[in-house]
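Listing of start_24.cif; format and content: mmCIF, C-alpha atoms.
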```
data_coords
loop_
_atom_site.label_atom_id
_atom_site.label_comp_id
_atom_site.auth_asym_id
_atom_site.auth_seq_id
_atom_site.Cartn_x
_atom_site.Cartn_y
_atom_site.Cartn_z
CA MET U 1 227.59 214.34 0.18
CA SER U 2 227.73 215.96 -3.24
CA PRO U 3 228.54 213.70 -6.23
CA LEU U 4 232.16 213.50 -7.31
CA ASN U 5 233.07 215.41 -10.44
CA PRO U 6 233.69 212.71 -13.14
CA TRP U 7 236.14 215.00 -14.92
CA LYS U 8 238.35 215.10 -11.84
CA LEU U 9 238.28 211.31 -11.56
CA SER U 10 239.10 210.56 -15.18
CA GLY U 11 242.85 210.77 -14.60
CA TYR U 12 242.97 208.20 -11.76
CA LYS U 13 243.76 204.53 -12.29
CA ALA U 14 244.11 201.60 -9.88
CA GLY U 15 247.61 201.51 -8.43
CA GLN U 16 248.35 205.15 -9.17
CA ASN U 17 250.28 207.02 -6.48
CA VAL U 18 248.36 209.92 -5.02
CA VAL U 19 248.84 212.36 -2.17
CA CYS U 20 246.08 212.52 0.43
CA LYS U 21 245.57 214.71 3.50
CA VAL U 22 244.25 213.31 6.79
CA VAL U 23 240.87 214.72 7.86
CA LYS U 24 239.79 212.57 10.82
CA ALA U 25 239.97 209.06 12.26
CA GLU U 26 237.48 206.35 11.30
CA PRO U 27 237.34 202.69 12.30
CA GLY U 28 240.35 201.00 10.76
CA GLY U 29 241.85 204.13 9.23
CA TYR U 30 241.24 207.76 8.31
CA ALA U 31 238.93 209.91 6.26
CA VAL U 32 241.14 211.86 3.87
CA THR U 33 240.99 214.27 0.97
CA ILE U 34 243.07 214.36 -2.20
CA PRO U 35 244.18 218.01 -2.19
CA LYS U 36 245.02 218.08 -5.90
CA ASP U 37 241.34 217.77 -6.88
CA ASN U 38 239.68 218.21 -3.46
CA LEU U 39 238.20 214.68 -3.53
CA PRO U 40 237.08 212.79 -0.39
CA GLY U 41 238.46 209.33 0.37
CA PHE U 42 239.25 206.71 2.97
CA LEU U 43 242.68 205.29 3.85
CA PRO U 44 242.71 202.04 5.87
CA THR U 45 245.88 201.84 7.96
CA GLN U 46 247.06 200.93 11.45
CA ALA U 47 249.71 203.66 11.46
CA ILE U 48 249.22 206.67 13.71
CA LEU U 49 248.50 209.75 11.62
CA ARG U 50 247.69 213.34 12.53
CA THR U 51 245.11 215.70 11.16
CA ASP U 52 246.33 217.63 8.10
CA GLU U 53 249.27 215.30 7.47
CA GLU U 54 249.91 214.50 3.82
CA ILE U 55 250.33 210.80 3.09
CA LEU U 56 251.45 208.94 0.01
CA ALA U 57 248.85 206.32 -0.96
CA GLN U 58 247.60 204.31 -3.93
CA PHE U 59 244.29 204.80 -5.70
CA VAL U 60 242.08 201.70 -5.57
CA CYS U 61 238.65 202.70 -6.85
CA VAL U 62 235.70 205.03 -6.30
CA HIS U 63 232.21 204.12 -5.17
CA ASN U 64 229.35 205.93 -3.45
CA HIS U 65 231.10 209.30 -3.59
CA ARG U 66 234.18 208.01 -1.80
CA ILE U 67 237.63 207.13 -3.05
CA LEU U 68 239.19 204.03 -1.51
CA LEU U 69 242.95 204.20 -1.11
CA SER U 70 245.58 201.75 0.08
CA ALA U 71 248.61 202.73 2.13
CA ARG U 72 251.73 203.16 0.00
CA PHE U 73 253.70 201.88 2.97
CA SER U 74 253.33 198.49 4.61
CA ASN U 75 250.21 198.25 6.83
CA ASN U 76 251.89 196.08 9.42
CA SER U 77 254.99 198.13 10.09
CA PRO U 78 254.46 200.58 12.95
CA LYS U 79 257.88 202.08 12.18
CA VAL U 80 256.63 203.56 8.93
CA GLN U 81 255.53 207.13 9.49
CA ALA U 82 254.32 210.06 7.44
CA HIS U 83 255.52 213.64 7.33
CA THR U 84 253.74 216.79 6.23
CA SER U 85 256.72 218.68 4.88
CA VAL U 86 257.56 216.17 2.14
CA ARG U 87 256.44 217.28 -1.30
CA TRP U 88 255.08 213.92 -2.43
CA GLU U 89 254.29 215.12 -5.95
CA GLU U 90 258.01 215.46 -6.63
CA HIS U 91 258.61 211.84 -5.62
CA LEU U 92 255.78 209.99 -7.40
CA ASP U 93 257.73 209.11 -10.56
CA GLU U 94 260.78 208.24 -8.48
CA ILE U 95 258.76 205.86 -6.29
CA ASP U 96 257.07 204.17 -9.24
CA GLN U 97 260.47 203.46 -10.79
CA SER U 98 261.87 202.05 -7.57
CA THR U 99 258.88 199.74 -7.16
CA GLU U 100 259.28 198.38 -10.67
CA ALA U 101 262.96 197.79 -9.94
CA GLY U 102 262.00 195.81 -6.82
CA ALA U 103 263.78 198.13 -4.44
CA TYR U 104 262.83 200.00 -1.29
CA GLN U 105 262.88 203.76 -1.81
CA GLU U 106 263.99 205.77 1.19
CA LEU U 107 262.53 209.22 0.74
CA GLU U 108 263.79 211.18 3.70
CA GLN U 109 265.16 210.52 7.17
CA TYR U 110 264.04 212.41 10.22
CA PRO U 111 265.48 212.45 13.73
CA ALA U 112 263.51 210.81 16.50
CA GLU U 113 261.76 212.97 19.05
CA GLU U 114 260.18 212.00 22.32
CA GLN U 115 256.43 211.90 22.73
CA PRO U 116 254.79 212.40 26.13
CA ILE U 117 252.81 209.50 27.53
CA ALA U 118 249.11 210.20 27.20
CA THR U 119 246.19 208.92 29.23
CA PRO U 120 244.22 206.34 27.24
CA PRO U 121 240.78 207.73 26.31
CA ARG U 122 237.45 206.00 26.18
CA PRO U 123 236.22 205.13 22.69
CA ASP U 124 233.57 207.86 22.69
CA GLU U 125 235.99 210.69 23.40
CA GLU U 126 237.28 213.03 20.72
CA MET U 127 240.85 211.96 19.97
CA TYR U 128 242.19 214.13 17.23
CA LYS U 129 243.28 217.73 17.37
CA ASN U 130 244.17 220.10 14.58
CA TYR U 131 247.94 220.32 14.42
CA ASN U 132 249.75 223.09 12.64
CA SER U 133 251.06 221.15 9.66
CA SER U 134 254.01 223.44 9.04
CA GLY U 135 257.18 222.10 10.57
CA ILE U 136 255.55 219.12 12.30
CA LYS U 137 257.32 215.80 12.01
CA THR U 138 255.57 212.53 12.64
CA VAL U 139 257.57 210.43 15.03
CA PRO U 140 257.04 206.94 16.39
CA ALA U 141 254.46 207.01 19.16
CA VAL U 142 255.02 205.55 22.58
CA PRO U 143 252.50 203.34 24.35
CA THR U 144 249.73 205.29 26.03
CA VAL U 145 249.68 202.73 28.83
CA PRO U 146 252.87 202.03 30.84
CA ALA U 147 254.02 198.47 30.32
CA ALA U 148 253.72 197.63 34.00
CA GLN U 149 250.04 198.61 34.02
CA ALA U 150 249.05 197.18 30.65
CA PRO U 151 246.83 194.07 30.80
CA ALA U 152 248.19 190.89 29.23
CA ALA U 153 247.29 190.86 25.56
CA GLN U 154 245.31 187.92 24.27
CA GLU U 155 246.67 186.10 21.27
CA SER U 156 244.75 186.99 18.16
CA ILE U 157 243.55 184.19 15.91
CA PHE U 158 244.77 186.13 12.91
CA ALA U 159 247.34 188.77 12.07
CA GLN U 160 248.72 190.80 9.23
CA ALA U 161 251.51 189.08 7.28
CA PRO U 162 254.44 188.93 7.21
CA PRO U 163 254.71 188.70 11.02
CA THR U 164 256.82 191.12 12.98
CA ALA U 165 258.81 190.46 16.12
CA GLN U 166 256.12 192.18 18.18
CA ALA U 167 252.85 190.54 19.13
CA PRO U 168 249.88 192.05 17.26
CA HIS U 169 247.95 194.68 19.15
CA PRO U 170 244.26 194.15 19.86
CA TYR U 171 241.96 195.53 17.24
CA ALA U 172 240.30 198.74 17.79
CA SER U 173 237.35 200.91 18.66
CA PRO U 174 235.96 203.30 16.06
CA SER U 175 237.01 206.66 17.45
CA ALA U 176 240.05 205.62 19.41
CA GLN U 177 243.61 206.43 18.44
CA PRO U 178 245.55 203.19 17.97
CA ILE U 179 248.39 202.33 20.33
CA VAL U 180 251.61 201.64 18.45
CA THR U 181 254.92 200.64 19.99
CA SER U 182 258.07 201.38 18.02
CA ASP U 183 261.78 201.05 18.67
CA ASN U 184 262.38 203.82 16.13
CA SER U 185 265.05 201.71 14.45
CA SER U 186 263.81 202.95 11.09
CA GLY U 187 264.74 206.52 11.93
CA GLY U 188 261.31 207.70 10.81
CA ARG U 189 261.92 206.84 7.16
CA LEU U 190 259.05 206.24 4.81
CA ILE U 191 259.61 203.30 2.49
CA SER U 192 257.75 201.97 -0.48
CA ILE U 193 256.00 198.60 -0.55
CA PRO U 194 258.42 195.71 -1.13
CA ALA U 195 258.43 194.33 -4.65
CA GLN U 196 256.95 191.01 -3.55
CA GLN U 197 253.85 192.85 -2.30
CA SER U 198 253.44 194.70 -5.57
CA ILE U 199 251.38 193.34 -8.42
CA SER U 200 251.34 193.55 -12.18
CA LEU U 201 248.30 195.43 -13.45
CA GLU U 202 249.07 195.01 -17.13
CA GLY U 203 246.36 193.32 -19.15
CA GLN U 204 243.77 193.59 -16.35
CA THR U 205 240.51 195.45 -16.45
CA GLU U 206 240.24 198.43 -14.13
CA ALA U 207 237.91 196.46 -11.83
CA GLU U 208 240.36 193.54 -11.63
CA ALA U 209 243.31 195.89 -11.14
CA ALA U 210 241.46 197.66 -8.30
CA PHE U 211 241.04 194.37 -6.43
CA GLY U 212 244.69 193.49 -7.10
CA VAL U 213 245.88 196.74 -5.52
CA TRP U 214 243.65 196.18 -2.49
CA ALA U 215 244.52 192.49 -2.02
CA ALA U 216 248.26 193.18 -2.19
CA THR U 217 248.04 195.25 1.01
CA THR U 218 245.80 192.96 3.10
CA PRO U 219 247.64 189.65 3.61
CA ARG U 220 246.33 187.73 6.64
CA LYS U 221 247.70 184.73 8.50
CA PHE U 222 245.93 182.58 11.05
CA HIS U 223 247.13 181.26 14.39
CA LEU U 224 244.90 178.20 14.83
CA LYS U 225 246.17 174.64 14.84
CA ARG U 226 243.59 173.71 12.22
CA ALA U 227 242.82 177.04 10.63
CA THR U 228 240.63 175.41 7.97
CA ASP U 229 238.05 174.95 10.73
CA LEU U 230 237.47 178.72 10.62
CA ILE U 231 235.32 178.30 7.51
CA LEU U 232 231.95 177.00 8.59
CA PRO U 233 230.58 173.65 7.35
CA PRO U 234 227.51 173.39 5.08
CA ILE U 235 224.37 174.98 6.46
CA ASP U 236 222.34 173.16 3.82
CA ARG U 237 223.61 169.57 3.83
CA GLU U 238 221.88 168.88 0.50
CA SER U 239 224.36 171.17 -1.27
CA LEU U 240 227.34 169.07 -0.15
CA ASN U 241 229.23 167.19 -2.87
CA GLU U 242 232.18 164.92 -1.96
CA PHE U 243 234.59 163.21 -4.38
CA LYS U 244 238.22 162.41 -5.16
CA ILE U 245 239.84 164.78 -7.64
CA GLU U 246 241.13 161.78 -9.67
CA ASP U 247 237.52 161.10 -10.70
CA TYR U 248 237.42 164.50 -12.36
CA ASP U 249 240.22 167.03 -12.82
CA LEU U 250 241.17 170.53 -11.72
CA GLU U 251 240.20 172.17 -15.03
CA TRP U 252 236.69 170.73 -14.71
CA LEU U 253 236.46 171.90 -11.10
CA ILE U 254 237.50 175.47 -11.91
CA THR U 255 235.07 175.61 -14.84
CA ASP U 256 232.27 174.36 -12.60
CA LEU U 257 233.02 176.87 -9.83
CA GLU U 258 233.55 179.90 -12.07
CA GLY U 259 230.91 179.07 -14.66
CA GLY U 260 228.36 178.26 -11.97
CA MET U 261 229.17 181.47 -10.06
CA ARG U 262 229.34 179.35 -6.92
CA THR U 263 229.16 180.99 -3.50
CA GLY U 264 230.32 178.68 -0.75
CA CYS U 265 233.36 176.64 0.17
CA VAL U 266 235.75 174.08 -1.29
CA LYS U 267 237.68 171.96 1.21
CA ALA U 268 240.51 169.63 0.26
CA ALA U 269 242.51 167.00 2.13
CA CYS U 270 245.61 165.54 0.49
CA GLU U 271 246.89 162.42 2.24
CA SER U 272 250.17 162.21 0.31
CA LYS U 273 251.10 165.75 1.32
CA LEU U 274 249.45 165.59 4.75
CA SER U 275 247.70 168.87 3.98
CA ARG U 276 244.29 170.42 4.44
CA SER U 277 242.95 173.51 2.75
CA ALA U 278 239.76 175.51 2.45
CA MET U 279 238.73 178.08 -0.13
CA LEU U 280 235.92 180.60 0.39
CA LEU U 281 234.07 181.46 -2.83
CA TYR U 282 231.89 184.41 -3.77
CA ARG U 283 230.26 184.16 -7.19
CA GLY U 284 232.99 181.91 -8.52
CA ARG U 285 235.99 183.84 -7.19
CA ALA U 286 238.16 183.09 -4.16
CA VAL U 287 237.63 185.61 -1.36
CA GLY U 288 239.61 183.70 1.24
CA CYS U 289 241.84 180.65 1.42
CA ILE U 290 243.61 178.76 4.19
CA TYR U 291 246.26 176.09 3.66
CA GLY U 292 247.85 173.92 6.31
CA CYS U 293 250.52 171.26 5.78
CA LYS U 294 252.72 169.18 8.05
CA SER U 295 255.81 170.32 6.14
CA MET U 296 254.58 173.94 6.28
CA PRO U 297 253.38 174.60 9.85
CA ASP U 298 252.85 178.33 9.37
CA THR U 299 249.74 179.31 7.43
CA GLN U 300 250.20 181.54 4.40
CA PRO U 301 248.27 184.60 3.17
CA THR U 302 245.26 184.03 0.92
CA GLU U 303 246.93 184.27 -2.49
CA GLN U 304 249.80 181.93 -1.60
CA SER U 305 247.39 179.53 0.12
CA LEU U 306 245.30 179.50 -3.05
CA GLN U 307 248.34 178.52 -5.14
CA ASN U 308 249.20 175.72 -2.69
CA MET U 309 245.62 174.46 -2.67
CA LEU U 310 245.41 174.40 -6.47
CA SER U 311 248.63 172.38 -6.50
CA ASP U 312 247.09 169.82 -4.14
CA LEU U 313 243.98 169.65 -6.32
CA GLU U 314 246.13 168.14 -9.05
CA VAL U 315 247.20 165.25 -6.80
CA PRO U 316 244.97 162.20 -7.50
CA ASP U 317 244.46 161.17 -3.85
CA THR U 318 243.06 164.56 -2.78
CA ASP U 319 239.57 164.38 -1.25
CA VAL U 320 237.31 167.31 -2.12
CA LYS U 321 234.17 168.73 -0.55
CA ILE U 322 232.09 171.48 -2.18
CA TYR U 323 229.06 173.13 -0.62
CA ASP U 324 227.03 176.31 -0.85
CA LEU U 325 226.87 179.09 1.75
CA PRO U 326 224.60 182.15 1.97
CA GLU U 327 226.02 185.25 0.29
CA ASN U 328 225.58 187.44 3.36
CA VAL U 329 227.55 185.06 5.58
CA THR U 330 230.20 184.53 2.89
CA LEU U 331 230.84 188.24 2.43
CA ALA U 332 230.97 188.80 6.19
CA MET U 333 233.44 185.92 6.52
CA SER U 334 235.59 187.32 3.70
CA ALA U 335 236.35 190.33 5.90
CA LEU U 336 238.66 188.01 7.88
CA PHE U 337 240.79 187.57 4.77
CA LEU U 338 240.33 190.75 2.76
CA GLY U 339 239.01 193.31 5.22
CA TYR U 340 240.88 195.80 7.36
CA PRO U 341 241.21 195.49 11.15
CA VAL U 342 239.83 198.00 13.61
CA GLN U 343 242.32 199.11 16.24
CA ARG U 344 241.23 199.03 19.89
CA ASN U 345 242.20 201.36 22.69
CA ASP U 346 239.38 201.36 25.20
CA ASP U 347 238.39 199.95 28.57
CA TYR U 348 235.14 198.33 27.46
CA ASP U 349 234.50 194.72 28.39
CA ALA U 350 233.70 192.30 25.58
CA ARG U 351 229.90 192.72 25.76
CA ALA U 352 230.07 196.52 25.87
CA TYR U 353 232.50 196.64 22.97
CA MET U 354 230.43 194.25 20.88
CA ASP U 355 227.34 196.41 21.37
CA TYR U 356 229.37 199.50 20.60
CA ILE U 357 230.98 198.25 17.39
CA CYS U 358 227.81 196.51 16.16
CA GLY U 359 225.92 199.76 16.69
CA TRP U 360 228.51 201.53 14.59
CA PHE U 361 228.25 198.88 11.85
CA GLU U 362 224.48 199.28 11.80
CA SER U 363 224.68 203.06 11.51
CA LYS U 364 227.08 202.79 8.57
CA GLY U 365 225.64 199.68 6.92
CA ASN U 366 229.00 197.90 7.15
CA THR U 367 229.83 194.28 6.40
CA ALA U 368 232.24 192.84 8.95
CA CYS U 369 233.45 189.82 10.86
CA LEU U 370 233.91 189.68 14.63
CA ALA U 371 236.56 187.34 16.03
CA ILE U 372 235.74 186.43 19.62
CA THR U 373 238.36 184.62 21.69
CA LEU U 374 237.39 182.85 24.93
CA PRO U 375 240.46 182.15 27.11
CA SER U 376 238.55 180.07 29.68
CA ASN U 377 238.30 177.15 27.23
CA SER U 378 240.61 178.37 24.44
CA ALA U 379 237.62 178.62 22.13
CA THR U 380 236.87 180.88 19.18
CA CYS U 381 233.59 182.23 17.86
CA LEU U 382 233.09 184.26 14.68
CA GLY U 383 230.26 186.75 14.40
CA TYR U 384 228.96 187.84 10.98
CA VAL U 385 227.55 191.27 10.17
CA TYR U 386 226.14 192.01 6.72
CA LYS U 387 225.22 195.57 5.77
CA GLY U 388 224.92 196.48 9.43
CA GLN U 389 222.77 193.51 10.48
CA PHE U 390 223.96 190.60 12.59
CA CYS U 391 223.41 187.49 10.45
CA GLY U 392 224.93 184.67 12.48
CA ALA U 393 227.70 183.27 14.64
CA PHE U 394 229.98 180.28 14.15
CA TYR U 395 231.32 178.50 17.23
CA VAL U 396 234.50 176.97 15.85
CA GLU U 397 234.99 174.33 18.57
CA ASP U 398 231.75 172.45 17.91
CA GLN U 399 231.45 173.61 14.27
CA GLN U 400 227.94 174.91 14.89
CA PHE U 401 226.28 177.91 13.22
CA ARG U 402 223.73 179.99 15.13
CA THR U 403 221.65 182.92 13.94
CA ASP U 404 220.84 184.44 17.33
CA LYS U 405 223.03 187.08 18.92
CA ASP U 406 221.96 185.88 22.40
CA PHE U 407 224.18 182.83 21.90
CA VAL U 408 227.20 185.12 21.57
CA TYR U 409 226.10 187.18 24.56
CA GLU U 410 225.95 184.00 26.65
CA LEU U 411 229.52 183.10 25.66
CA LEU U 412 230.73 186.56 26.66
CA LYS U 413 228.83 186.41 29.93
CA ASN U 414 230.47 183.10 30.88
CA ASP U 415 234.00 184.30 30.20
CA PRO U 416 234.96 187.64 31.77
CA ARG U 417 238.29 187.59 29.88
CA ALA U 418 236.65 187.27 26.47
CA ASN U 419 238.03 189.52 23.75
CA VAL U 420 236.33 190.88 20.62
CA GLU U 421 238.15 191.99 17.48
CA ALA U 422 236.64 193.28 14.25
CA SER U 423 237.54 193.36 10.57
CA ILE U 424 235.56 195.43 8.06
CA LEU U 425 235.04 194.71 4.39
CA PRO U 426 235.08 197.97 2.41
CA PRO U 427 231.75 198.44 0.56
CA GLU U 428 233.78 199.26 -2.54
CA MET U 429 234.94 195.64 -2.71
CA THR U 430 231.45 194.40 -3.57
CA SER U 431 230.53 197.27 -5.89
CA SER U 432 230.70 197.35 -9.68
CA ALA U 433 234.03 199.20 -9.36
CA VAL U 434 235.81 196.01 -8.29
CA ARG U 435 235.86 192.36 -9.41
CA PHE U 436 236.00 191.08 -5.87
CA GLY U 437 238.12 188.00 -5.26
CA PHE U 438 240.91 186.07 -6.96
CA SER U 439 240.28 184.43 -10.33
CA LEU U 440 240.81 180.67 -10.07
CA SER U 441 241.60 180.27 -13.76
CA MET U 442 244.17 183.08 -13.67
CA ALA U 443 245.73 181.62 -10.52
CA LYS U 444 245.96 178.25 -12.31
CA LYS U 445 247.64 179.87 -15.34
CA ARG U 446 250.19 181.59 -13.11
CA GLN U 447 250.88 178.28 -11.42
CA ASP U 448 251.42 176.61 -14.79
CA GLY U 449 253.75 179.43 -15.84
CA ARG U 450 251.57 180.47 -18.77
#
```
Structure translated into structure tokens:
Amino acid sequence: MSPLNPWKLSGYKAGQNVVCKVVKAEPGGYAVTIPKDNLPGFLPTQAILRTDEEILAQFVCVHNHRILLSARFSNNSPKVQAHTSVRWEEHLDEIDQSTEAGAYQELEQYPAEEQPIATPPRPDEEMYKNYNSSGIKTVPAVPTVPAAQAPAAQESIFAQAPPTAQAPHPYASPSAQPIVTSDNSSGGRLISIPAQQSISLEGQTEAEAAFGVWAATTPRKFHLKRATDLILPPIDRESLNEFKIEDYDLEWLITDLEGGMRTGCVKAACESKLSRSAMLLYRGRAVGCIYGCKSMPDTQPTEQSLQNMLSDLEVPDTDVKIYDLPENVTLAMSALFLGYPVQRNDDYDARAYMDYICGWFESKGNTACLAITLPSNSATCLGYVYKGQFCGAFYVEDQQFRTDKDFVYELLKNDPRANVEASILPPEMTSSAVRFGFSLSMAKKRQDGR
């Protein structure tokens, strides 16, 4: 791919609204172009889009001759659709103003039309056709499998937040068109991101702003009774340090973690609040956080969990554990929190799909996390892939870490109803274009109201 023209990129900033045109499907989203300057990019989204549709998105960053974008609409709302006849350029200023005002902007309303039921394809079949963009309206898709014939969906261990009334669909195969069910109650309107999902980019560097734009569109929640168990225990027991926060203080802890560029995990248990939390760290910044509390049974997305955890770390009776983890495993694990899911619509069994998706990761050099659910014993296993290479598996039930893929294969073999889901971490997130992760000191300042 030819290098991007730096002159064309000079006018783009993180969070800027841009118009992109769909080129083809990729795992977790679509390859796109920005027609204004003919620049290639990638748009992660679970919405169903058609070739040549023009979509309103936000610029995140550029790396390796590719522009990373985030959907201007909510990722987890299948009702939100795009339309090729809208002249997005005329609406950009209008949308920016509505976001700052904290309002939803309804751009245009289209009538619903019926879609024929299609036969579900295999993952290796070509899915996308070239549609004549003139006069085509994107309408809510109907399920490609009749409800009576559809297999019972397995409950995912994690989902996009905030939750919808519908159960989350299984995650996807690379070349398959996602199945989306919609009641069309939105009337096909495109809406802007709610104000609470927007972020303030003032006073941030471009690299920090780029992460802020990305993180605002990837909230994840977990459906495990003790979700903190998802983060693996120390591999090297000698790195483990345990203490009560009253023997130190939170300022000291943050200075130690950030100044030491720690990669690993901090776990906290607060008896007075009956809470447990776990923070995943990459070079001193939080790249995942889970918080569970008796008074708050539902887990929160990473940023809110981080705020809750920092609050507990100021309570004297909070027990703290800190330990190191390998960078490759940490980055793969962070895809659970800050990656984008891959939609599934295939008839592969768990072993075949794992081989298929891992082969795709290897060919692209992707970093990803596999979430494997085993209904026979209600168990969960996480598989880690770093730059295309399988680097380990974590069996949550016995809290054991294995480096051999054969262990995972044996689990799949013993449970014919096993299910595999995947989340990918964009390579841009770990490039120099982005300060990957949440700043602990900034999160503490926000909590203190400074």
Do a neighbour search on Ala350 (chain U) at 6 Å with only C-alpha atoms, toss out local chain neighbours closer than 6 positions, and write the hits as a list in words.
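Skipping anything fewer than 6 positions along the chain leaves Ala418, Asn419 and Val420 of chain U.
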Find the distance between CA of Cys369 (chain U) and CA of Leu313 (chain U) and write it in Å to one decimal.
28.5 Å
Evaluating the PyMOL selection byres ((chain U and resi 273-277) around 9) on the displayed file yields which residues, as a PyMOL selection string?
chain U and resi 226-228+266-272+278-279+289-296+305-306+308-309+312
Let's have the selection written as a PDB file, in the frame of the given file, with C-alpha atoms.
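Output below, filename again_3.pdb:
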```
ATOM      1  CA  ARG U 226     243.590 173.710  12.220  1.00  0.00           C
ATOM      2  CA  ALA U 227     242.820 177.040  10.630  1.00  0.00           C
ATOM      3  CA  THR U 228     240.630 175.410   7.970  1.00  0.00           C
ATOM      4  CA  VAL U 266     235.750 174.080  -1.290  1.00  0.00           C
ATOM      5  CA  LYS U 267     237.680 171.960   1.210  1.00  0.00           C
ATOM      6  CA  ALA U 268     240.510 169.630   0.260  1.00  0.00           C
ATOM      7  CA  ALA U 269     242.510 167.000   2.130  1.00  0.00           C
ATOM      8  CA  CYS U 270     245.610 165.540   0.490  1.00  0.00           C
ATOM      9  CA  GLU U 271     246.890 162.420   2.240  1.00  0.00           C
ATOM     10  CA  SER U 272     250.170 162.210   0.310  1.00  0.00           C
ATOM     11  CA  ALA U 278     239.760 175.510   2.450  1.00  0.00           C
ATOM     12  CA  MET U 279     238.730 178.080  -0.130  1.00  0.00           C
ATOM     13  CA  CYS U 289     241.840 180.650   1.420  1.00  0.00           C
ATOM     14  CA  ILE U 290     243.610 178.760   4.190  1.00  0.00           C
ATOM     15  CA  TYR U 291     246.260 176.090   3.660  1.00  0.00           C
ATOM     16  CA  GLY U 292     247.850 173.920   6.310  1.00  0.00           C
ATOM     17  CA  CYS U 293     250.520 171.260   5.780  1.00  0.00           C
ATOM     18  CA  LYS U 294     252.720 169.180   8.050  1.00  0.00           C
ATOM     19  CA  SER U 295     255.810 170.320   6.140  1.00  0.00           C
ATOM     20  CA  MET U 296     254.580 173.940   6.280  1.00  0.00           C
ATOM     21  CA  SER U 305     247.390 179.530   0.120  1.00  0.00           C
ATOM     22  CA  LEU U 306     245.300 179.500  -3.050  1.00  0.00           C
ATOM     23  CA  ASN U 308     249.200 175.720  -2.690  1.00  0.00           C
ATOM     24  CA  MET U 309     245.620 174.460  -2.670  1.00  0.00           C
ATOM     25  CA  ASP U 312     247.090 169.820  -4.140  1.00  0.00           C
TER      26      ASP U 312
END
```
Between CA of Gly264 (chain U) and CA of Phe42 (chain U), what is the distance, to one decimal in Å?
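Interatomic distance, CA of Gly264 (chain U) to CA of Phe42 (chain U): 29.7 Å.
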Work out where the centre of an axis-aligned box around every listed atom of region 16-20 of chain U lies and how long its edges are once 4 Å is added on each side; give both in Å to one decimal as AutoDock Vina command-line options.
```
--center_x 248.2 --center_y 208.8 --center_z -4.4 --size_x 12.2 --size_y 15.4 --size_z 17.6
```
